[in-house]
>>> print(open('run-v9.pdb').read())   # PDB, C-alpha atoms
ATOM      1  CA  MET S  24      86.793 164.981  56.325
ATOM      2  CA  ARG S  25      87.258 162.427  59.113
ATOM      3  CA  ALA S  26      84.424 163.948  61.158
ATOM      4  CA  ARG S  27      82.062 163.863  58.189
ATOM      5  CA  THR S  28      82.775 160.173  57.598
ATOM      6  CA  GLN S  29      82.335 159.506  61.295
ATOM      7  CA  ASP S  30      78.938 161.235  61.283
ATOM      8  CA  ARG S  31      77.772 159.272  58.223
ATOM      9  CA  LEU S  32      78.779 155.899  59.704
ATOM     10  CA  ASN S  33      77.865 156.568  63.334
ATOM     11  CA  TRP S  34      74.564 154.653  63.039
ATOM     12  CA  LEU S  35      76.551 151.507  62.238
ATOM     13  CA  ASN S  36      78.842 151.977  65.250
ATOM     14  CA  ARG S  37      75.850 152.398  67.551
ATOM     15  CA  LEU S  38      74.214 149.275  66.103
ATOM     16  CA  VAL S  39      77.279 146.998  66.179
ATOM     17  CA  VAL S  40      79.303 148.110  69.207
ATOM     18  CA  CYS S  41      76.934 150.494  71.072
ATOM     19  CA  CYS S  42      79.401 153.355  70.607
ATOM     20  CA  ASP S  43      78.436 156.915  69.711
ATOM     21  CA  CYS S  44      81.666 158.056  68.053
ATOM     22  CA  SER S  45      80.303 161.519  67.289
ATOM     23  CA  ARG S  46      79.789 162.608  70.885
ATOM     24  CA  SER S  47      82.275 164.785  72.684
ATOM     25  CA  THR S  48      83.836 162.371  75.174
ATOM     26  CA  LEU S  49      85.382 165.028  77.412
ATOM     27  CA  ALA S  50      82.206 167.092  77.532
ATOM     28  CA  SER S  51      80.182 163.980  78.431
ATOM     29  CA  ILE S  52      82.557 163.134  81.275
ATOM     30  CA  GLU S  53      82.446 166.679  82.667
ATOM     31  CA  GLU S  54      78.644 166.912  82.314
ATOM     32  CA  ALA S  55      78.391 163.735  84.401
ATOM     33  CA  GLY S  56      80.060 165.598  87.288
ATOM     34  CA  PHE S  57      83.667 164.510  86.873
ATOM     35  CA  THR S  58      86.792 166.658  86.753
ATOM     36  CA  VAL S  59      89.476 165.532  84.303
ATOM     37  CA  THR S  60      92.853 165.623  86.066
ATOM     38  CA  ALA S  61      95.054 163.951  83.437
ATOM     39  CA  LEU S  62      94.524 163.647  79.701
ATOM     40  CA  ASP S  63      96.335 162.110  76.771
ATOM     41  CA  ARG S  64      95.076 162.353  73.199
ATOM     42  CA  THR S  65      96.019 159.333  71.121
ATOM     43  CA  GLU S  66      94.832 157.125  68.279
ATOM     44  CA  LEU S  67      93.696 153.519  68.309
ATOM     45  CA  PRO S  68      95.839 151.343  66.033
ATOM     46  CA  LYS S  69      94.404 148.862  63.544
ATOM     47  CA  VAL S  70      90.942 150.406  63.306
ATOM     48  CA  PRO S  71      89.325 152.462  60.540
ATOM     49  CA  PRO S  72      90.535 156.094  60.493
ATOM     50  CA  PHE S  73      87.140 157.531  61.490
ATOM     51  CA  VAL S  74      87.265 155.772  64.887
ATOM     52  CA  ARG S  75      90.998 156.159  65.635
ATOM     53  CA  PRO S  76      90.954 159.330  67.766
ATOM     54  CA  ALA S  77      90.888 158.472  71.458
ATOM     55  CA  VAL S  78      91.397 160.101  74.837
ATOM     56  CA  VAL S  79      92.937 158.354  77.816
ATOM     57  CA  GLY S  80      92.997 159.977  81.212
ATOM     58  CA  ILE S  81      91.963 160.220  84.825
ATOM     59  CA  ALA S  82      88.775 161.809  86.091
ATOM     60  CA  SER S  83      87.436 162.157  89.607
ATOM     61  CA  ARG S  84      84.082 163.181  91.076
ATOM     62  CA  THR S  85      83.877 166.817  92.055
TER      63      THR S  85
END
>>> encode(input="run-v9.pdb", output="structure tokens")
Amino acid sequence: MRARTQDRLNWLNRLVVCCDCSRSTLASIEEAGFTVTALDRTELPKVPPFVRPAVVGIASRT
């Protein structure tokens, strides 16, 4: 349900805050040549539910 809402409203996110909330963040980081060495999955407080999921971590160039 959350992913479907995110997909429907993603155009607005890209327009307003230049954020593509539907992309796979971890895959994008790894495809750019980084290795993720620490990862924490969390949620952003005080934002709409469809943009709450977040990842925080450390990545280094391989």
>>> resolve_selection(input="run-v9.pdb", expression="the PyMOL selection byres ((chain S and resi 29) around 12)", output="PDB file with C-alpha atoms, keeping the file's coordinate frame")
ATOM      1  CA  MET S  24      86.793 164.981  56.325  1.00  0.00           C
ATOM      2  CA  ARG S  25      87.258 162.427  59.113  1.00  0.00           C
ATOM      3  CA  ALA S  26      84.424 163.948  61.158  1.00  0.00           C
ATOM      4  CA  ARG S  27      82.062 163.863  58.189  1.00  0.00           C
ATOM      5  CA  THR S  28      82.775 160.173  57.598  1.00  0.00           C
ATOM      6  CA  ASP S  30      78.938 161.235  61.283  1.00  0.00           C
ATOM      7  CA  ARG S  31      77.772 159.272  58.223  1.00  0.00           C
ATOM      8  CA  LEU S  32      78.779 155.899  59.704  1.00  0.00           C
ATOM      9  CA  ASN S  33      77.865 156.568  63.334  1.00  0.00           C
ATOM     10  CA  TRP S  34      74.564 154.653  63.039  1.00  0.00           C
ATOM     11  CA  LEU S  35      76.551 151.507  62.238  1.00  0.00           C
ATOM     12  CA  ASN S  36      78.842 151.977  65.250  1.00  0.00           C
ATOM     13  CA  ARG S  37      75.850 152.398  67.551  1.00  0.00           C
ATOM     14  CA  CYS S  42      79.401 153.355  70.607  1.00  0.00           C
ATOM     15  CA  ASP S  43      78.436 156.915  69.711  1.00  0.00           C
ATOM     16  CA  CYS S  44      81.666 158.056  68.053  1.00  0.00           C
ATOM     17  CA  SER S  45      80.303 161.519  67.289  1.00  0.00           C
ATOM     18  CA  ARG S  46      79.789 162.608  70.885  1.00  0.00           C
ATOM     19  CA  PRO S  71      89.325 152.462  60.540  1.00  0.00           C
ATOM     20  CA  PRO S  72      90.535 156.094  60.493  1.00  0.00           C
ATOM     21  CA  PHE S  73      87.140 157.531  61.490  1.00  0.00           C
ATOM     22  CA  VAL S  74      87.265 155.772  64.887  1.00  0.00           C
ATOM     23  CA  ARG S  75      90.998 156.159  65.635  1.00  0.00           C
ATOM     24  CA  PRO S  76      90.954 159.330  67.766  1.00  0.00           C
TER      25      PRO S  76
END
>>> atom_distance(input="run-v9.pdb", atom1="CA of Ala55 in chain S", atom2="CA of Val70 in chain S")
27.9 Å
>>> resolve_selection(input="run-v9.pdb", expression="the PyMOL selection byres ((chain S and resi 84) around 10)", output="list in words")
Ile52, Glu53, Ala55, Gly56, Phe57, Thr58, Val59, Ala82, Ser83 and Thr85 of chain S
>>> atom_distance(input="run-v9.pdb", atom1="CA of Asp63 in chain S", atom2="CA of Thr48 in chain S")
12.6 Å
>>> resolve_selection(input="run-v9.pdb", expression="the PyMOL selection byres ((chain S and resi 61) around 7)", output="PyMOL selection string")
chain S and resi 59-60+62+80-81
>>> residues_around(input="run-v9.pdb", residues="Ala77 in chain S", least_positions_apart="3", cutoff="7 Å", atoms="only C-alpha atoms", output="PyMOL selection string")
chain S and resi 64-67
>>> axis_aligned_box(input="run-v9.pdb", around="range 69-81 of chain S", padding_each_side="8 Å", output="lines of an AutoDock Vina configuration file")
center_x = 90.8
center_y = 154.5
center_z = 72.7
size_x = 23.3
size_y = 27.4
size_z = 40.3
